[in-house]
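A.B. asks: Supplied structure: structure-v2.cif, mmCIF, C-alpha atoms and all ligand atoms.
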```cif
data_run
loop_
_atom_site.label_atom_id
_atom_site.label_comp_id
_atom_site.auth_asym_id
_atom_site.auth_seq_id
_atom_site.Cartn_x
_atom_site.Cartn_y
_atom_site.Cartn_z
CA MET A 614 0.00 0.00 0.00
CA ALA A 615 1.31 3.48 -0.93
CA LEU A 616 2.05 5.67 2.06
CA ALA A 617 0.28 9.01 2.27
CA ALA A 618 1.98 12.35 1.67
CA VAL A 619 1.33 14.72 4.57
CA ALA A 620 2.26 18.30 5.37
CA PRO A 621 5.17 18.36 7.87
CA ASP A 622 3.26 20.40 10.47
CA VAL A 623 0.62 17.64 10.67
CA LEU A 624 3.07 15.88 13.00
CA LEU A 625 3.55 18.92 15.27
CA PRO A 626 1.52 18.80 18.51
CA ARG A 627 -0.23 21.98 19.69
CA PRO A 628 0.05 22.84 23.38
CA PHE A 629 -3.20 22.47 25.33
CA ALA A 630 -3.70 23.15 29.05
CA ILE A 631 -5.72 20.88 31.33
CA THR A 632 -8.64 22.98 32.59
CA ARG A 633 -10.52 20.18 34.37
CA TYR A 634 -9.49 16.75 35.68
CA VAL A 635 -12.05 14.20 36.90
CA ARG A 636 -11.25 10.80 38.35
CA ASP A 637 -13.89 8.47 36.85
CA THR A 638 -12.85 5.09 38.28
CA HIS A 639 -9.83 3.57 40.03
CA ASP A 640 -7.86 3.55 36.76
CA THR A 641 -9.72 5.95 34.47
CA PHE A 642 -9.88 9.74 34.35
CA THR A 643 -11.31 12.47 32.13
CA ILE A 644 -9.49 15.65 31.17
CA GLU A 645 -10.79 18.82 29.55
CA LEU A 646 -8.28 20.77 27.50
CA GLU A 647 -8.10 24.29 26.10
CA PRO A 648 -5.65 25.59 23.48
CA ALA A 649 -2.65 27.35 25.05
CA ASP A 650 -1.26 28.65 21.74
CA GLY A 651 -3.96 31.26 21.09
CA GLY A 652 -5.39 29.13 18.26
CA GLY A 653 -8.98 27.96 17.85
CA PRO A 654 -10.61 24.82 19.22
CA ILE A 655 -10.41 21.41 17.55
CA THR A 656 -13.72 20.62 15.88
CA PHE A 657 -14.39 16.93 15.45
CA GLU A 658 -16.92 14.29 14.46
CA PRO A 659 -18.07 11.59 16.92
CA GLY A 660 -15.65 8.64 16.80
CA GLN A 661 -12.51 10.60 15.87
CA PHE A 662 -9.35 10.58 17.99
CA ASN A 663 -6.39 12.81 18.82
CA MET A 664 -2.74 11.95 19.37
CA LEU A 665 -1.99 13.16 22.93
CA TYR A 666 1.61 13.86 23.90
CA ALA A 667 2.82 13.73 27.50
CA MET A 668 5.90 15.97 27.25
CA GLY A 669 9.08 13.92 27.33
CA VAL A 670 7.25 10.61 27.81
CA GLY A 671 5.42 9.79 24.59
CA GLU A 672 2.36 10.08 22.42
CA VAL A 673 -0.80 7.92 22.36
CA PRO A 674 -4.05 7.85 20.35
CA ILE A 675 -7.09 8.70 22.49
CA SER A 676 -10.67 9.11 21.26
CA ILE A 677 -12.48 12.35 21.91
CA SER A 678 -15.18 11.76 24.53
CA GLY A 679 -16.81 15.20 24.62
CA ASP A 680 -19.75 16.82 22.90
CA PRO A 681 -19.13 17.57 19.20
CA ALA A 682 -21.41 20.62 19.55
CA LYS A 683 -19.04 22.02 22.22
CA PRO A 684 -15.58 21.75 20.66
CA GLU A 685 -14.20 24.51 22.91
CA LYS A 686 -14.08 21.83 25.62
CA LEU A 687 -11.74 19.17 24.23
CA VAL A 688 -12.51 16.12 26.37
CA HIS A 689 -10.65 12.81 26.59
CA THR A 690 -11.30 9.85 28.87
CA ILE A 691 -8.21 7.76 29.51
CA ARG A 692 -7.44 4.45 31.18
CA ALA A 693 -4.00 4.40 32.77
CA VAL A 694 -2.32 1.24 31.47
CA GLY A 695 1.28 2.12 30.64
CA PRO A 696 3.97 4.83 30.77
CA VAL A 697 2.21 7.55 28.74
CA THR A 698 -1.29 7.16 30.14
CA LYS A 699 0.10 6.86 33.69
CA ALA A 700 2.07 10.10 33.17
CA MET A 701 -1.20 11.78 32.14
CA GLN A 702 -3.01 10.28 35.12
CA ALA A 703 -0.48 11.99 37.39
CA MET A 704 -1.16 15.41 35.85
CA GLY A 705 -3.60 18.05 37.08
CA LYS A 706 -5.22 21.36 36.26
CA GLY A 707 -2.82 23.73 34.49
CA ASP A 708 -0.49 21.01 33.17
CA MET A 709 0.22 20.97 29.44
CA ILE A 710 -0.44 18.21 26.91
CA GLY A 711 0.50 18.23 23.20
CA VAL A 712 -2.42 17.54 20.86
CA ARG A 713 -2.51 16.53 17.19
CA GLY A 714 -5.75 15.82 15.40
CA PRO A 715 -8.56 15.15 14.99
CA TYR A 716 -7.79 12.01 13.01
CA GLY A 717 -9.63 9.03 11.63
CA SER A 718 -13.09 8.08 10.47
CA ALA A 719 -16.29 8.89 12.37
CA TRP A 720 -19.41 7.08 13.52
CA PRO A 721 -21.95 7.31 10.64
CA MET A 722 -24.34 9.72 12.33
CA GLU A 723 -25.93 10.92 9.08
CA THR A 724 -26.83 7.31 8.20
CA ALA A 725 -28.59 7.04 11.56
CA ARG A 726 -31.04 9.84 10.69
CA GLY A 727 -34.53 8.39 10.32
CA ASN A 728 -33.44 5.05 11.82
CA ASP A 729 -33.16 3.52 15.28
CA LEU A 730 -29.77 4.22 16.84
CA LEU A 731 -28.32 1.41 18.93
CA VAL A 732 -25.17 2.12 20.94
CA ILE A 733 -23.37 -0.85 22.52
CA ALA A 734 -20.38 -0.13 24.76
CA GLY A 735 -18.06 -2.36 26.74
CA GLY A 736 -15.88 -0.85 29.50
CA ILE A 737 -13.98 2.23 28.39
CA GLY A 738 -15.64 1.81 24.97
CA LEU A 739 -18.35 4.12 26.30
CA ALA A 740 -15.87 7.04 25.99
CA PRO A 741 -15.48 6.96 22.17
CA LEU A 742 -19.27 6.45 21.92
CA ARG A 743 -20.25 9.34 24.18
CA PRO A 744 -19.97 11.96 21.38
CA ALA A 745 -22.35 9.79 19.29
CA ILE A 746 -24.78 9.68 22.23
CA TYR A 747 -24.59 13.48 22.58
CA TRP A 748 -25.29 13.72 18.85
CA GLY A 749 -28.23 11.34 19.20
CA LEU A 750 -29.69 13.34 22.08
CA ALA A 751 -29.27 16.61 20.14
CA HIS A 752 -30.97 15.08 17.07
CA ARG A 753 -33.49 13.01 19.01
CA GLN A 754 -36.45 14.08 16.84
CA GLU A 755 -34.68 12.82 13.70
CA LEU A 756 -34.13 9.31 15.06
CA GLY A 757 -36.39 6.36 15.74
CA ARG A 758 -35.57 4.61 19.00
CA LEU A 759 -32.38 5.52 20.83
CA VAL A 760 -31.04 2.53 22.76
CA ILE A 761 -27.85 2.43 24.86
CA LEU A 762 -26.47 -0.89 26.14
CA TYR A 763 -23.44 -0.77 28.44
CA GLY A 764 -21.48 -3.59 30.04
CA THR A 765 -18.57 -3.37 32.49
CA ARG A 766 -16.60 -5.93 34.48
CA THR A 767 -17.91 -4.74 37.86
CA PRO A 768 -20.07 -1.81 39.07
CA HIS A 769 -16.75 -0.26 40.16
CA ASP A 770 -15.58 0.03 36.56
CA MET A 771 -18.63 1.95 35.35
CA LEU A 772 -17.93 5.22 33.56
CA PHE A 773 -20.10 8.36 33.47
CA ARG A 774 -22.50 7.04 36.16
CA LYS A 775 -24.36 10.31 36.64
CA GLU A 776 -24.87 10.79 32.93
CA LEU A 777 -26.11 7.22 32.50
CA GLU A 778 -28.66 7.94 35.25
CA LYS A 779 -29.68 11.18 33.54
CA TRP A 780 -30.12 9.46 30.17
CA ARG A 781 -32.01 6.61 31.85
CA GLY A 782 -34.40 9.19 33.32
CA ARG A 783 -35.49 10.35 29.86
CA LEU A 784 -38.61 8.79 28.40
CA ASP A 785 -37.21 8.92 24.86
CA VAL A 786 -34.01 6.96 25.58
CA SER A 787 -33.65 3.32 26.61
CA VAL A 788 -30.57 2.63 28.76
CA ARG A 789 -29.62 -0.84 29.97
CA VAL A 790 -26.52 -1.56 32.00
CA THR A 791 -25.02 -4.90 32.97
CA VAL A 792 -21.93 -6.11 34.85
CA ASP A 793 -19.95 -9.31 34.46
CA ARG A 794 -19.60 -9.63 38.25
CA ALA A 795 -21.97 -8.06 40.77
CA GLU A 796 -20.80 -6.42 44.02
CA PRO A 797 -22.75 -5.94 47.26
CA GLY A 798 -25.54 -3.44 46.63
CA TRP A 799 -25.75 -4.05 42.87
CA LYS A 800 -29.39 -4.60 41.90
CA GLY A 801 -29.00 -4.44 38.12
CA ASN A 802 -28.34 -6.98 35.36
CA VAL A 803 -25.51 -9.47 35.62
CA GLY A 804 -24.05 -10.99 32.46
CA VAL A 805 -22.09 -9.90 29.41
CA VAL A 806 -23.46 -7.06 27.29
CA THR A 807 -24.54 -9.39 24.47
CA THR A 808 -27.24 -10.76 26.81
CA LEU A 809 -28.98 -7.35 26.63
CA ILE A 810 -29.35 -7.43 22.84
CA PRO A 811 -32.44 -9.73 22.59
CA ARG A 812 -34.42 -7.43 24.97
CA ALA A 813 -33.08 -4.13 23.64
CA GLY A 814 -36.16 -3.24 21.59
CA PHE A 815 -34.85 -1.94 18.26
CA ASP A 816 -35.98 -2.59 14.72
CA PRO A 817 -33.31 -4.87 13.16
CA VAL A 818 -34.09 -3.65 9.66
CA ASP A 819 -34.03 0.08 10.42
CA VAL A 820 -31.24 0.24 12.98
CA VAL A 821 -27.73 1.62 12.84
CA ALA A 822 -25.60 -0.09 15.51
CA LEU A 823 -22.40 1.45 16.92
CA VAL A 824 -20.23 -0.92 18.95
CA CYS A 825 -17.05 -0.17 20.92
CA GLY A 826 -15.20 -2.20 23.51
CA PRO A 827 -12.65 -5.01 23.71
CA GLU A 828 -12.29 -6.74 20.35
CA VAL A 829 -13.77 -10.02 21.60
CA MET A 830 -16.84 -8.15 22.91
CA MET A 831 -17.31 -6.40 19.54
CA ARG A 832 -17.00 -9.70 17.69
CA PHE A 833 -19.70 -11.37 19.80
CA CYS A 834 -21.97 -8.32 19.68
CA ALA A 835 -21.72 -8.09 15.91
CA ARG A 836 -22.51 -11.81 15.55
CA GLU A 837 -25.48 -11.50 17.90
CA LEU A 838 -26.79 -8.49 15.97
CA VAL A 839 -26.49 -10.39 12.68
CA ASN A 840 -28.33 -13.33 14.30
CA HIS A 841 -31.09 -10.85 15.16
CA GLY A 842 -31.39 -9.77 11.53
CA VAL A 843 -29.17 -6.67 11.46
CA SER A 844 -27.29 -6.34 8.18
CA PRO A 845 -23.45 -6.28 8.55
CA ASP A 846 -23.28 -2.99 6.66
CA ARG A 847 -25.39 -1.35 9.41
CA ILE A 848 -23.07 -2.45 12.23
CA PHE A 849 -20.04 -0.22 12.96
CA LEU A 850 -17.06 -1.02 15.20
CA SER A 851 -14.12 1.08 16.40
CA GLN A 852 -10.81 -0.76 16.13
CA GLU A 853 -7.72 -0.22 18.28
CA ARG A 854 -4.19 -0.76 17.03
CA ASN A 855 -0.79 0.56 18.07
CA MET A 856 -0.08 3.88 16.39
CA LYS A 857 2.83 6.19 15.85
CA CYS A 858 2.10 8.88 13.23
CA GLY A 859 -1.71 8.77 13.24
CA VAL A 860 -1.86 9.97 9.63
CA GLY A 861 -1.11 6.96 7.40
CA LEU A 862 2.63 7.58 7.20
CA CYS A 863 4.46 4.97 9.29
CA GLY A 864 2.44 1.79 8.72
CA ARG A 865 2.39 0.91 12.45
CA CYS A 866 -1.40 0.53 12.55
CA GLN A 867 -1.78 -1.61 9.43
CA TYR A 868 -4.96 -3.69 9.56
CA GLY A 869 -5.15 -6.05 6.61
CA PRO A 870 -5.22 -3.79 3.54
CA THR A 871 -6.10 -0.68 5.59
CA PHE A 872 -4.58 1.61 8.22
CA VAL A 873 -6.62 2.04 11.39
CA CYS A 874 -5.44 5.67 11.82
CA LYS A 875 -6.81 6.97 8.54
CA ASP A 876 -9.24 4.35 7.16
CA GLY A 877 -10.58 3.73 10.70
CA PRO A 878 -10.88 3.54 13.63
CA VAL A 879 -14.58 3.20 12.71
CA PHE A 880 -15.23 0.43 10.18
CA SER A 881 -18.40 -1.35 9.13
CA TYR A 882 -18.63 -4.97 10.29
CA GLU A 883 -19.15 -5.91 6.66
CA ARG A 884 -15.68 -4.55 5.91
CA VAL A 885 -13.72 -5.96 8.85
CA SER A 886 -15.43 -9.20 9.81
CA PRO A 887 -12.79 -11.36 8.02
CA LEU A 888 -10.04 -9.59 10.02
CA LEU A 889 -11.60 -9.66 13.49
CA GLY A 890 -9.84 -11.83 16.03
CA LYS A 891 -6.59 -11.96 14.05
CA ARG A 892 -3.65 -10.27 15.80
CA GLU A 893 -0.89 -8.20 14.16
CA LEU A 894 -2.46 -7.97 10.73
C1 LIG B 1 -8.09 4.97 17.75
C2 LIG B 1 -7.78 4.68 19.18
C3 LIG B 1 -8.55 5.28 20.16
C4 LIG B 1 -8.28 5.03 21.52
N1 LIG B 1 -9.05 5.66 22.44
C5 LIG B 1 -8.77 5.47 23.74
C6 LIG B 1 -9.53 6.14 24.73
O1 LIG B 1 -10.46 6.89 24.44
N2 LIG B 1 -9.18 5.94 26.02
C7 LIG B 1 -8.15 5.10 26.38
O2 LIG B 1 -7.89 4.96 27.58
N3 LIG B 1 -7.46 4.42 25.47
C8 LIG B 1 -7.72 4.60 24.16
N4 LIG B 1 -6.96 3.95 23.23
C9 LIG B 1 -5.91 3.05 23.71
C10 LIG B 1 -4.68 3.86 24.08
O3 LIG B 1 -4.12 4.45 22.92
C11 LIG B 1 -3.64 2.93 24.75
O4 LIG B 1 -4.17 2.46 25.96
C12 LIG B 1 -2.36 3.70 25.01
O5 LIG B 1 -1.71 3.87 23.78
C13 LIG B 1 -1.47 3.00 25.98
O6 LIG B 1 -0.26 3.74 26.03
P1 LIG B 1 0.75 3.64 27.24
O7 LIG B 1 2.07 4.15 26.76
O8 LIG B 1 0.18 4.27 28.46
O9 LIG B 1 0.81 2.12 27.54
P2 LIG B 1 1.65 1.00 26.75
O10 LIG B 1 3.07 1.04 27.20
O11 LIG B 1 1.38 1.11 25.30
O12 LIG B 1 0.91 -0.27 27.32
C14 LIG B 1 1.22 -0.79 28.60
C15 LIG B 1 0.56 -2.12 28.77
O13 LIG B 1 -0.86 -2.00 28.75
C16 LIG B 1 -1.43 -2.80 27.72
N5 LIG B 1 -2.47 -1.99 27.10
C17 LIG B 1 -2.32 -1.07 26.12
N6 LIG B 1 -3.50 -0.51 25.82
C18 LIG B 1 -4.42 -1.10 26.64
C19 LIG B 1 -5.80 -0.94 26.84
N7 LIG B 1 -6.52 -0.06 26.09
N8 LIG B 1 -6.42 -1.68 27.78
C20 LIG B 1 -5.72 -2.56 28.53
N9 LIG B 1 -4.39 -2.76 28.39
C21 LIG B 1 -3.75 -2.05 27.46
C22 LIG B 1 -0.31 -3.06 26.76
O14 LIG B 1 -0.55 -4.29 26.10
C23 LIG B 1 0.89 -3.10 27.66
O15 LIG B 1 1.02 -4.36 28.26
C24 LIG B 1 -7.23 4.16 21.88
C25 LIG B 1 -6.46 3.54 20.89
C26 LIG B 1 -6.74 3.79 19.56
C27 LIG B 1 -5.91 3.13 18.51
S1 LIG B 2 0.20 4.65 9.52
FE1 LIG B 2 1.23 5.50 11.25
S2 LIG B 2 -0.17 5.17 12.83
FE2 LIG B 2 -1.28 4.58 11.10
#
```
Rewrite the coordinates I just gave you, this time as C-alpha cells.
C.D. replies:
Amino acid sequence: MALAAVAPDVLLPRPFAITRYVRDTHDTFTIELEPADGGGPITFEPGQFNMLYAMGVGEVPISISGDPAKPEKLVHTIRAVGPVTKAMQAMGKGDMIGVRGPYGSAWPMETARGNDLLVIAGGIGLAPLRPAIYWGLAHRQELGRLVILYGTRTPHDMLFRKELEKWRGRLDVSVRVTVDRAEPGWKGNVGVVTTLIPRAGFDPVDVVALVCGPEVMMRFCARELVNHGVSPDRIFLSQERNMKCGVGLCGRCQYGPTFVCKDGPVFSYERVSPLLGKREL
C-alpha cells in the first residue's frame, strides 16, 4: 500500500492546558483541554481521535469523549495502562499536553437519521461512543428509538454514572446496563453485554448499531446483531491498534489492507469481519 503524503506540520503537537481533571474510576480519568497557543478549538466528528503527547514521555491515540457541539471543551477519557497514560493520570489542572488531530473516520451519524440508533459499549468503549450519544440526544427528533447498552466488568468500573442515570431518566431513551460480576448493593443486570441485545427493543431492519469495547466483545456483539437480523453494513465497530504517526505515514497501525489511523478507527462490520480476532495484521 502506498504511504500518504502529509504536510510536515501535521506531526507537530499543539500545546493544550488541562482545565478540568475528573477521576472516573480507580484507573480511568477524564481531562478537559483548552488551546494554550492562542489558536482555535479542535472541531471533530463523533468517533474521531487525537494523538496526545505527555511531554518527554510519549504520544498515544485517544478518542475524543466530549460533545461535538461544544468543541471549545476538548474532552478525553483515559485508562492508565502504561507509561504515557500513567504520566497523564499523574497530571492536574494547568499542566500541558500536546495535541494533534482530529484524526480518523467517524461514527456514521448521518446514516442514523430516520433510523433507530443502537449504541453498545463495553468498559472504556463508552468514551469513544459518548460523542455519538450526545449527537443522538441533540438530534433526538430525527431518530427512531435511541437505545444504549453498556457492560462493564464490575459496578466499580462503570464510567459516566451520573450521565447514564440522567439518560435513563429520559422517556425517549432506553438505557440498559449490565456487569460481568456483581458487588454488594448491585441490583442491576448481571451478564455480558450481548445478553442485553435480545431485549433491547430496536428494529433490526431500520437500525444503525455502533459498537465499541474489547475486540472479543465487539466480535460477539456483531454476531449476535447479525443473528437478530441486522445487516453487517449497518453495524459499525471502532478498532484499536498501536499507532505512531496517526496519519497513514508509518504503517504501524496496518490492519489487513487498511490503516486504522486513517481508514478507521470506525469500520463497518461488513468490511472488517474477516479480520476480526486476528492479531498483528
Ligand atoms: C483509535 C484509538 C482510540 C483510543 N481511544 C482510547 C480512549 O479513548 N481511552 C483510552 O484509555 N485508550 C484509548 N486507546 C488506547 C490507548 O491508545 C492505549 O491504551 C495507550 O496507547 C497505551 O499507552 P501507554 O504508553 O500508556 O501504555 P503502553 O506502554 O502502550 O501499554 C502498557 C501495557 O498496557 C497494555 N495496554 C495497552 N492498551 C491497553 C488498553 N486499552 N487496555 C488494557 N491494556 C492495554 C499493553 O498491552 C501493555 O502491556 C485508543 C487507541 C486507539 C488506537
Ligand atoms: S500509519 Fe502511522 S499510525 Fe497509522
A.B. asks: Counting only C-alpha atoms, which residues sit no farther than 10 Å from the position (-7.0, -4.0, 5.3) in the file's frame? I'd like them as an mmCIF file with C-alpha atoms, in the frame of the given file.
C.D. replies:
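Okay, out-v5.cif is ready:
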```cif
data_model
loop_
_atom_site.group_PDB
_atom_site.id
_atom_site.type_symbol
_atom_site.label_atom_id
_atom_site.label_comp_id
_atom_site.auth_asym_id
_atom_site.auth_seq_id
_atom_site.Cartn_x
_atom_site.Cartn_y
_atom_site.Cartn_z
ATOM 1 C CA MET A 614 0.000 0.000 0.000
ATOM 2 C CA GLN A 867 -1.780 -1.610 9.430
ATOM 3 C CA TYR A 868 -4.960 -3.690 9.560
ATOM 4 C CA GLY A 869 -5.150 -6.050 6.610
ATOM 5 C CA PRO A 870 -5.220 -3.790 3.540
ATOM 6 C CA THR A 871 -6.100 -0.680 5.590
ATOM 7 C CA PHE A 872 -4.580 1.610 8.220
ATOM 8 C CA VAL A 873 -6.620 2.040 11.390
ATOM 9 C CA ASP A 876 -9.240 4.350 7.160
ATOM 10 C CA ARG A 884 -15.680 -4.550 5.910
ATOM 11 C CA VAL A 885 -13.720 -5.960 8.850
ATOM 12 C CA PRO A 887 -12.790 -11.360 8.020
ATOM 13 C CA LEU A 888 -10.040 -9.590 10.020
ATOM 14 C CA LEU A 894 -2.460 -7.970 10.730
#
```
A.B. asks: Could you please extract the residues within 9 Å of ligand LIG 1 (chain B), counting only C-alpha atoms and all ligand atoms, and hand them back as number ranges by chain?
C.D. replies: A: 641-642, 660-665, 670-678, 689-701, 716-717, 737-741, 827, 851-856, 859, 866, 873-874, 877-879
A.B. asks: Find the residues near His752 (chain A): any atom within 10 Å, counting only C-alpha atoms, skip ones fewer than 6 places away on the same chain, and give them as a list of chain:residue names.
C.D. replies: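 Those residues are A:Met722, A:Arg726, A:Ile746.
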A.B. asks: Could you tell me how far CA of Phe849 (chain A) lies from CA of Ala822 (chain A), in Å and to one decimal?
C.D. replies: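 Distance reported for this atom pair: 6.1 Å.
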A.B. asks: Applying 8 Å and all atoms listed in the file, which residues near Thr632 (chain A) remain after dropping the ones on its own chain fewer than 5 positions away? List them as a list in words.
C.D. replies: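 Non-adjacent residues within range: Ile644, Glu645, Leu646, Glu647, Lys706 and Gly707 of chain A.
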A.B. asks: May I ask which of the residues A:Ser886, A:Cys858, A:Val820, A:Tyr763 is the closest one to ligand LIG 2 (chain B), counting only C-alpha atoms and all ligand atoms?
C.D. replies: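 Under the stated criterion, the closest residue is A:Cys858.
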A.B. asks: If you count only C-alpha atoms, which residues fall within 12 Å of Ser844 (chain A), apart from same-chain ones fewer than 3 positions away, as a PDB file with C-alpha atoms, in the frame of the given file?
C.D. replies:
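Saved result, part15.pdb, follows:
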```pdb
ATOM      1  CA  ASP A 816     -35.980  -2.590  14.720  1.00  0.00           C
ATOM      2  CA  PRO A 817     -33.310  -4.870  13.160  1.00  0.00           C
ATOM      3  CA  VAL A 818     -34.090  -3.650   9.660  1.00  0.00           C
ATOM      4  CA  ASP A 819     -34.030   0.080  10.420  1.00  0.00           C
ATOM      5  CA  VAL A 820     -31.240   0.240  12.980  1.00  0.00           C
ATOM      6  CA  VAL A 821     -27.730   1.620  12.840  1.00  0.00           C
ATOM      7  CA  ALA A 822     -25.600  -0.090  15.510  1.00  0.00           C
ATOM      8  CA  ALA A 835     -21.720  -8.090  15.910  1.00  0.00           C
ATOM      9  CA  ARG A 836     -22.510 -11.810  15.550  1.00  0.00           C
ATOM     10  CA  GLU A 837     -25.480 -11.500  17.900  1.00  0.00           C
ATOM     11  CA  LEU A 838     -26.790  -8.490  15.970  1.00  0.00           C
ATOM     12  CA  VAL A 839     -26.490 -10.390  12.680  1.00  0.00           C
ATOM     13  CA  ASN A 840     -28.330 -13.330  14.300  1.00  0.00           C
ATOM     14  CA  HIS A 841     -31.090 -10.850  15.160  1.00  0.00           C
ATOM     15  CA  ARG A 847     -25.390  -1.350   9.410  1.00  0.00           C
ATOM     16  CA  ILE A 848     -23.070  -2.450  12.230  1.00  0.00           C
ATOM     17  CA  PHE A 849     -20.040  -0.220  12.960  1.00  0.00           C
ATOM     18  CA  SER A 881     -18.400  -1.350   9.130  1.00  0.00           C
ATOM     19  CA  TYR A 882     -18.630  -4.970  10.290  1.00  0.00           C
ATOM     20  CA  GLU A 883     -19.150  -5.910   6.660  1.00  0.00           C
ATOM     21  CA  ARG A 884     -15.680  -4.550   5.910  1.00  0.00           C
TER      22      ARG A 884
END
```
A.B. asks: Could you check which of A:Gly705, A:Gly757, A:Pro654, A:Gly711 is closest to Tyr666 (chain A), using all atoms listed in the file?
C.D. replies: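 Result for the nearest residue to Tyr666 (chain A): A:Gly711.
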A.B. asks: Please report the interatomic distance between CA of Leu862 (chain A) and CA of Val712 (chain A) in Å with one decimal.
C.D. replies: 17.6 Å
